[in-house]
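final17.pdb follows; it contains PDB, C-alpha atoms.
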ATOM      1  CA  MET A   4      41.141  -8.592   7.317
ATOM      2  CA  LYS A   5      42.709  -5.526   9.002
ATOM      3  CA  ILE A   6      40.085  -2.970   9.980
ATOM      4  CA  GLN A   7      41.635   0.368  11.002
ATOM      5  CA  PHE A   8      38.650   1.764  12.948
ATOM      6  CA  ASN A   9      36.231   0.709  15.656
ATOM      7  CA  GLU A  10      33.396  -1.243  14.045
ATOM      8  CA  ALA A  11      31.185  -0.556  17.067
ATOM      9  CA  GLN A  12      30.839   3.053  15.888
ATOM     10  CA  LEU A  13      28.765   1.882  12.918
ATOM     11  CA  SER A  14      25.051   1.262  13.165
ATOM     12  CA  ARG A  15      23.980  -2.368  12.993
ATOM     13  CA  PRO A  16      22.806  -2.181   9.335
ATOM     14  CA  GLN A  17      26.008  -0.371   8.344
ATOM     15  CA  ARG A  18      28.219  -2.891  10.153
ATOM     16  CA  GLU A  19      26.414  -5.894   8.648
ATOM     17  CA  SER A  20      26.476  -4.440   5.133
ATOM     18  CA  LEU A  21      30.130  -3.409   5.334
ATOM     19  CA  LEU A  22      31.241  -6.772   6.713
ATOM     20  CA  SER A  23      29.357  -8.650   3.989
ATOM     21  CA  VAL A  24      31.040  -6.528   1.272
ATOM     22  CA  LEU A  25      34.440  -6.957   2.941
ATOM     23  CA  ASP A  26      33.957 -10.730   3.243
ATOM     24  CA  VAL A  27      33.366 -10.935  -0.518
ATOM     25  CA  LEU A  28      36.456  -8.817  -1.207
ATOM     26  CA  GLN A  29      38.560 -10.885   1.196
ATOM     27  CA  SER A  30      37.458 -14.120  -0.470
ATOM     28  CA  GLU A  31      38.611 -12.782  -3.835
ATOM     29  CA  ASN A  32      42.081 -11.773  -2.572
ATOM     30  CA  ARG A  33      45.032 -13.897  -1.530
ATOM     31  CA  ASN A  34      46.430 -11.437   1.019
ATOM     32  CA  GLU A  35      44.692  -9.887   3.972
ATOM     33  CA  ILE A  36      42.765  -6.762   2.947
ATOM     34  CA  GLU A  37      43.222  -3.506   4.875
ATOM     35  CA  VAL A  38      40.286  -1.153   5.501
ATOM     36  CA  THR A  39      40.798   2.498   6.478
ATOM     37  CA  PRO A  40      38.176   5.247   6.799
ATOM     38  CA  ILE A  41      38.139   8.145   4.335
ATOM     39  CA  GLU A  42      34.899   9.854   5.441
ATOM     40  CA  PHE A  43      33.733   7.765   8.375
ATOM     41  CA  PRO A  44      31.166   6.122   8.140
ATOM     42  CA  LEU A  45      30.351   7.026   4.528
ATOM     43  CA  LYS A  46      33.547   5.987   2.678
ATOM     44  CA  PHE A  47      36.317   3.473   3.280
ATOM     45  CA  ARG A  48      39.503   2.697   1.360
ATOM     46  CA  VAL A  49      40.160  -1.020   0.910
ATOM     47  CA  LYS A  50      43.700  -2.123   0.037
ATOM     48  CA  LEU A  51      43.560  -5.279  -2.062
ATOM     49  CA  ASP A  52      46.244  -7.552  -3.533
ATOM     50  CA  ASP A  53      49.142  -5.965  -5.439
ATOM     51  CA  ASN A  54      48.584  -2.627  -3.649
ATOM     52  CA  ILE A  55      45.359  -2.031  -5.574
ATOM     53  CA  GLU A  56      42.953   0.214  -3.696
ATOM     54  CA  MET A  57      39.222   0.630  -4.029
ATOM     55  CA  VAL A  58      36.681   2.806  -2.279
ATOM     56  CA  VAL A  59      33.591   1.364  -0.610
ATOM     57  CA  GLY A  60      30.827   3.886   0.069
ATOM     58  CA  TRP A  61      27.452   4.014   1.780
ATOM     59  CA  ASN A  62      24.459   4.146  -0.560
ATOM     60  CA  PRO A  63      21.555   5.738   1.359
ATOM     61  CA  GLU A  64      18.987   4.661  -1.252
ATOM     62  CA  SER A  65      19.689   0.962  -0.760
ATOM     63  CA  ASP A  66      20.969   1.288   2.850
ATOM     64  CA  SER A  67      24.083  -0.679   2.011
ATOM     65  CA  TYR A  68      27.752  -0.319   1.177
ATOM     66  CA  ALA A  69      29.028  -0.839  -2.367
ATOM     67  CA  GLY A  70      32.184  -0.263  -4.368
ATOM     68  CA  LEU A  71      32.375   3.216  -5.860
ATOM     69  CA  THR A  72      33.225   3.564  -9.524
ATOM     70  CA  LYS A  73      34.396   7.184  -9.328
ATOM     71  CA  PRO A  74      38.009   7.236  -8.085
ATOM     72  CA  GLU A  75      38.974   9.379  -5.127
ATOM     73  CA  PRO A  76      41.166  12.378  -5.880
ATOM     74  CA  GLU A  77      44.792  11.911  -4.901
ATOM     75  CA  PRO A  78      46.023  14.087  -2.040
ATOM     76  CA  ASP A  79      48.085  17.067  -3.128
ATOM     77  CA  PRO A  80      51.811  16.367  -3.081
ATOM     78  CA  ILE A  81      54.063  18.477  -0.901
ATOM     79  CA  PRO A  82      54.668  21.813  -2.634
ATOM     80  CA  GLU A  83      58.203  22.410  -3.887
ATOM     81  CA  SER A  84      58.647  25.289  -1.464
ATOM     82  CA  GLU A  85      58.059  22.969   1.522
ATOM     83  CA  LYS A  86      60.076  19.960   0.345
ATOM     84  CA  ASP A  87      63.423  21.368   1.430
ATOM     85  CA  THR A  88      62.239  22.141   4.962
ATOM     86  CA  VAL A  89      60.084  19.118   5.723
ATOM     87  CA  ASP A  90      62.832  17.136   7.469
ATOM     88  CA  LEU A  91      64.467  20.079   9.217
ATOM     89  CA  PRO A  92      63.878  20.188  12.969
ATOM     90  CA  GLY A  93      61.717  23.097  14.004
ATOM     91  CA  PRO A  94      61.549  24.972  17.262
ATOM     92  CA  ASP A  95      60.260  23.060  20.252
ATOM     93  CA  LEU A  96      56.916  24.705  20.930
ATOM     94  CA  THR A  97      55.325  23.450  24.105
ATOM     95  CA  SER A  98      52.310  25.705  24.417
ATOM     96  CA  ALA A  99      49.693  27.332  22.249
ATOM     97  CA  GLU A 100      50.942  30.791  23.245
ATOM     98  CA  GLU A 101      54.428  30.069  21.906
ATOM     99  CA  PHE A 102      52.900  28.641  18.742
ATOM    100  CA  ILE A 103      50.825  31.783  18.164
ATOM    101  CA  LYS A 104      53.812  34.034  18.867
ATOM    102  CA  SER A 105      55.994  32.054  16.439
ATOM    103  CA  LYS A 106      53.586  32.480  13.515
ATOM    104  CA  ASN A 107      51.508  35.200  12.052
ATOM    105  CA  GLU A 108      48.392  35.392  14.243
ATOM    106  CA  GLU A 109      46.023  35.612  11.261
ATOM    107  CA  LEU A 110      47.545  32.461   9.760
ATOM    108  CA  VAL A 111      47.041  30.609  13.036
ATOM    109  CA  LYS A 112      43.423  31.751  13.248
ATOM    110  CA  SER A 113      42.731  30.523   9.723
ATOM    111  CA  GLU A 114      44.372  27.142  10.415
ATOM    112  CA  ILE A 115      42.372  26.750  13.614
ATOM    113  CA  GLY A 116      39.223  27.840  11.800
ATOM    114  CA  GLN A 117      39.748  25.195   9.136
ATOM    115  CA  ARG A 118      40.233  22.523  11.791
ATOM    116  CA  VAL A 119      37.121  23.648  13.667
ATOM    117  CA  ASP A 120      35.100  23.507  10.450
ATOM    118  CA  ALA A 121      36.423  20.014   9.697
ATOM    119  CA  LEU A 122      35.630  18.817  13.213
ATOM    120  CA  ALA A 123      32.086  20.205  13.046
ATOM    121  CA  ALA A 124      31.522  18.644   9.599
ATOM    122  CA  ALA A 125      32.784  15.276  10.859
ATOM    123  CA  LEU A 126      30.464  15.376  13.860
ATOM    124  CA  VAL A 127      27.492  16.255  11.646
ATOM    125  CA  LYS A 128      28.271  13.301   9.346
ATOM    126  CA  LEU A 129      28.515  10.969  12.343
ATOM    127  CA  ALA A 130      25.205  12.209  13.761
ATOM    128  CA  MET A 131      23.212  12.137  10.492
ATOM    129  CA  PRO A 132      22.169   8.447  10.638
ATOM    130  CA  PHE A 133      20.374   9.110  13.948
ATOM    131  CA  GLU A 134      16.942  10.595  14.534
ATOM    132  CA  SER A 135      16.632  14.317  15.329
ATOM    133  CA  ASP A 136      16.258  13.802  19.078
ATOM    134  CA  ARG A 137      19.371  11.647  19.234
ATOM    135  CA  ARG A 138      21.321  14.188  17.124
ATOM    136  CA  LEU A 139      20.466  16.890  19.664
ATOM    137  CA  GLU A 140      21.712  14.649  22.485
ATOM    138  CA  ILE A 141      24.972  14.099  20.582
ATOM    139  CA  TRP A 142      25.474  17.848  20.038
ATOM    140  CA  ASN A 143      24.606  18.538  23.680
ATOM    141  CA  ALA A 144      27.223  16.036  24.855
ATOM    142  CA  PHE A 145      29.777  17.542  22.454
ATOM    143  CA  CYS A 146      29.106  21.092  23.653
ATOM    144  CA  ASN A 147      29.298  20.032  27.311
ATOM    145  CA  THR A 148      32.687  18.444  26.673
ATOM    146  CA  VAL A 149      33.945  21.561  24.876
ATOM    147  CA  LEU A 150      32.811  23.796  27.725
ATOM    148  CA  LYS A 151      34.457  21.565  30.346
ATOM    149  CA  GLU A 152      37.728  21.652  28.414
ATOM    150  CA  LEU A 153      37.599  25.425  27.967
ATOM    151  CA  TRP A 154      37.051  26.013  31.685
ATOM    152  CA  LYS A 155      39.978  23.857  32.826
TER     153      LYS A 155
END
Just dump the structure as structure tokens.
Amino acid sequence: MKIQFNEAQLSRPQRESLLSVLDVLQSENRNEIEVTPIEFPLKFRVKLDDNIEMVVGWNPESDSYAGLTKPEPEPDPIPESEKDTVDLPGPDLTSAEEFIKSKNEELVKSEIGQRVDALAAALVKLAMPFESDRRLEIWNAFCNTVLKELWK
């Protein structure tokens, strides 16, 4: 069984439930299964025999992981307009200032905004299994780290 994330980041009930589900899946497959996070710790993609994939998700009502029946949407393929330029070498940008100067500033702000939103959403999902006091400690630690990095 190849697990592509740190199991220690899961709570004890999550880890025990996920490992029990994965043990059953591994016993039913000839080859080693591969587990990668989709929405850590709520959803995982499990690659089974013959390149068949399934999604295992957390069910908060039963406090356990189970196979999901609704398939995950496929990621969007590369648009035609970008296919011709994907393999072309781009300029060597070594700093954020050069990156901003090389692109439209509004486009950069929107890309950064999307990444910030995704990071905040991921942190919220990671903190949700904890009690309110612990969530505040997590956010406090996150904000302290951000401030330290900004003041470097």
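One finds atom CA of Pro132 of chain A at 8.1 Å from atom CA of Ser14 of chain A.
Between atom CA of Glu140 of chain A and atom CA of Phe8 of chain A the interatomic distance comes to 23.3 Å.
Taking atom CA of Asp53 of chain A as the reference point, atom CA of Ile41 of chain A is found at 20.4 Å.
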Report, as AutoDock Vina command-line options, the axis-aligned box around all atoms of segment 13-31 of chain A present in the file, extended by 4 Å on each side; give centre and edge lengths in Å to one decimal place.
--center_x 30.7 --center_y -6.1 --center_z 4.7 --size_x 23.8 --size_y 24.0 --size_z 25.0
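Using all atoms listed in the file, the protein and nucleic acid residues lying at most 12 Å from the point (46.8, -8.1, 2.0) are Met4, Lys5, Ile6, Leu28, Gln29, Ser30, Glu31, Asn32, Arg33, Asn34, Glu35, Ile36, Glu37, Val38, Val49, Lys50, Leu51, Asp52, Asp53, Asn54, Ile55 and Glu56 of chain A.
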Next, the residues of the selection above should be written as a PDB file, keeping the file's coordinate frame with C-alpha atoms.
ATOM      1  CA  MET A   4      41.141  -8.592   7.317  1.00  0.00           C
ATOM      2  CA  LYS A   5      42.709  -5.526   9.002  1.00  0.00           C
ATOM      3  CA  ILE A   6      40.085  -2.970   9.980  1.00  0.00           C
ATOM      4  CA  LEU A  28      36.456  -8.817  -1.207  1.00  0.00           C
ATOM      5  CA  GLN A  29      38.560 -10.885   1.196  1.00  0.00           C
ATOM      6  CA  SER A  30      37.458 -14.120  -0.470  1.00  0.00           C
ATOM      7  CA  GLU A  31      38.611 -12.782  -3.835  1.00  0.00           C
ATOM      8  CA  ASN A  32      42.081 -11.773  -2.572  1.00  0.00           C
ATOM      9  CA  ARG A  33      45.032 -13.897  -1.530  1.00  0.00           C
ATOM     10  CA  ASN A  34      46.430 -11.437   1.019  1.00  0.00           C
ATOM     11  CA  GLU A  35      44.692  -9.887   3.972  1.00  0.00           C
ATOM     12  CA  ILE A  36      42.765  -6.762   2.947  1.00  0.00           C
ATOM     13  CA  GLU A  37      43.222  -3.506   4.875  1.00  0.00           C
ATOM     14  CA  VAL A  38      40.286  -1.153   5.501  1.00  0.00           C
ATOM     15  CA  VAL A  49      40.160  -1.020   0.910  1.00  0.00           C
ATOM     16  CA  LYS A  50      43.700  -2.123   0.037  1.00  0.00           C
ATOM     17  CA  LEU A  51      43.560  -5.279  -2.062  1.00  0.00           C
ATOM     18  CA  ASP A  52      46.244  -7.552  -3.533  1.00  0.00           C
ATOM     19  CA  ASP A  53      49.142  -5.965  -5.439  1.00  0.00           C
ATOM     20  CA  ASN A  54      48.584  -2.627  -3.649  1.00  0.00           C
ATOM     21  CA  ILE A  55      45.359  -2.031  -5.574  1.00  0.00           C
ATOM     22  CA  GLU A  56      42.953   0.214  -3.696  1.00  0.00           C
TER      23      GLU A  56
END
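Selection around (33.1, 11.8, 3.7) with radius 10 Å, counting all atoms listed in the file, yields the residues Pro40, Ile41, Glu42, Phe43, Pro44, Leu45, Lys46, Phe47, Gly60, Trp61, Ala124, Ala125, Lys128 and Leu129 of chain A.
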Answer key for the PyMOL selection byres ((chain A and resi 20) around 12), residues as number ranges by chain: A: 10, 13-19, 21-27, 44, 59-63, 65-70
Atoms added to segment 33-57 of chain A (N, CA and C atoms), reported as a short mmCIF file (atom, residue, chain, number, x, y, z; two decimals), keeping the file's coordinate frame:
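Output saved as result-v2.cif:
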data_model
loop_
_atom_site.label_atom_id
_atom_site.label_comp_id
_atom_site.auth_asym_id
_atom_site.auth_seq_id
_atom_site.Cartn_x
_atom_site.Cartn_y
_atom_site.Cartn_z
N ARG A 33 44.15 -12.96 -2.22
CA ARG A 33 45.03 -13.90 -1.53
C ARG A 33 45.51 -13.33 -0.19
N ASN A 34 45.91 -12.06 -0.18
CA ASN A 34 46.43 -11.44 1.02
C ASN A 34 45.31 -10.82 1.85
N GLU A 35 45.65 -10.51 3.08
CA GLU A 35 44.69 -9.89 3.97
C GLU A 35 44.40 -8.46 3.49
N ILE A 36 43.12 -8.11 3.37
CA ILE A 36 42.76 -6.76 2.95
C ILE A 36 42.88 -5.81 4.14
N GLU A 37 43.10 -4.53 3.83
CA GLU A 37 43.22 -3.51 4.88
C GLU A 37 42.18 -2.43 4.62
N VAL A 38 41.39 -2.10 5.64
CA VAL A 38 40.29 -1.15 5.50
C VAL A 38 40.56 0.06 6.38
N THR A 39 40.59 1.25 5.74
CA THR A 39 40.80 2.50 6.48
C THR A 39 39.69 3.49 6.12
N PRO A 40 39.24 4.28 7.08
CA PRO A 40 38.18 5.25 6.80
C PRO A 40 38.69 6.43 6.00
N ILE A 41 37.87 6.91 5.07
CA ILE A 41 38.14 8.14 4.34
C ILE A 41 37.22 9.23 4.91
N GLU A 42 35.92 8.98 4.85
CA GLU A 42 34.90 9.85 5.44
C GLU A 42 34.02 8.95 6.29
N PHE A 43 34.44 8.70 7.51
CA PHE A 43 33.73 7.76 8.38
C PHE A 43 32.34 8.27 8.65
N PRO A 44 31.31 7.51 8.56
CA PRO A 44 31.17 6.12 8.14
C PRO A 44 30.72 5.98 6.69
N LEU A 45 30.89 7.05 5.89
CA LEU A 45 30.35 7.03 4.53
C LEU A 45 31.28 6.40 3.51
N LYS A 46 32.61 6.52 3.67
CA LYS A 46 33.55 5.99 2.68
C LYS A 46 34.73 5.33 3.36
N PHE A 47 35.15 4.20 2.78
CA PHE A 47 36.32 3.47 3.28
C PHE A 47 37.22 3.10 2.12
N ARG A 48 38.52 3.13 2.36
CA ARG A 48 39.50 2.70 1.36
C ARG A 48 39.88 1.26 1.71
N VAL A 49 39.83 0.38 0.72
CA VAL A 49 40.16 -1.02 0.91
C VAL A 49 41.39 -1.33 0.07
N LYS A 50 42.46 -1.77 0.73
CA LYS A 50 43.70 -2.12 0.04
C LYS A 50 43.65 -3.62 -0.28
N LEU A 51 43.67 -3.91 -1.58
CA LEU A 51 43.56 -5.28 -2.06
C LEU A 51 44.94 -5.82 -2.44
N ASP A 52 44.98 -6.97 -3.07
CA ASP A 52 46.24 -7.55 -3.53
C ASP A 52 46.98 -6.60 -4.47
N ASP A 53 48.28 -6.74 -4.53
CA ASP A 53 49.14 -5.96 -5.44
C ASP A 53 48.99 -4.46 -5.25
N ASN A 54 48.73 -4.04 -4.00
CA ASN A 54 48.58 -2.63 -3.65
C ASN A 54 47.51 -1.90 -4.45
N ILE A 55 46.51 -2.62 -4.89
CA ILE A 55 45.36 -2.03 -5.57
C ILE A 55 44.40 -1.55 -4.49
N GLU A 56 43.89 -0.33 -4.66
CA GLU A 56 42.95 0.21 -3.70
C GLU A 56 41.60 0.47 -4.35
N MET A 57 40.56 0.29 -3.57
CA MET A 57 39.22 0.63 -4.03
C MET A 57 38.50 1.35 -2.90
#
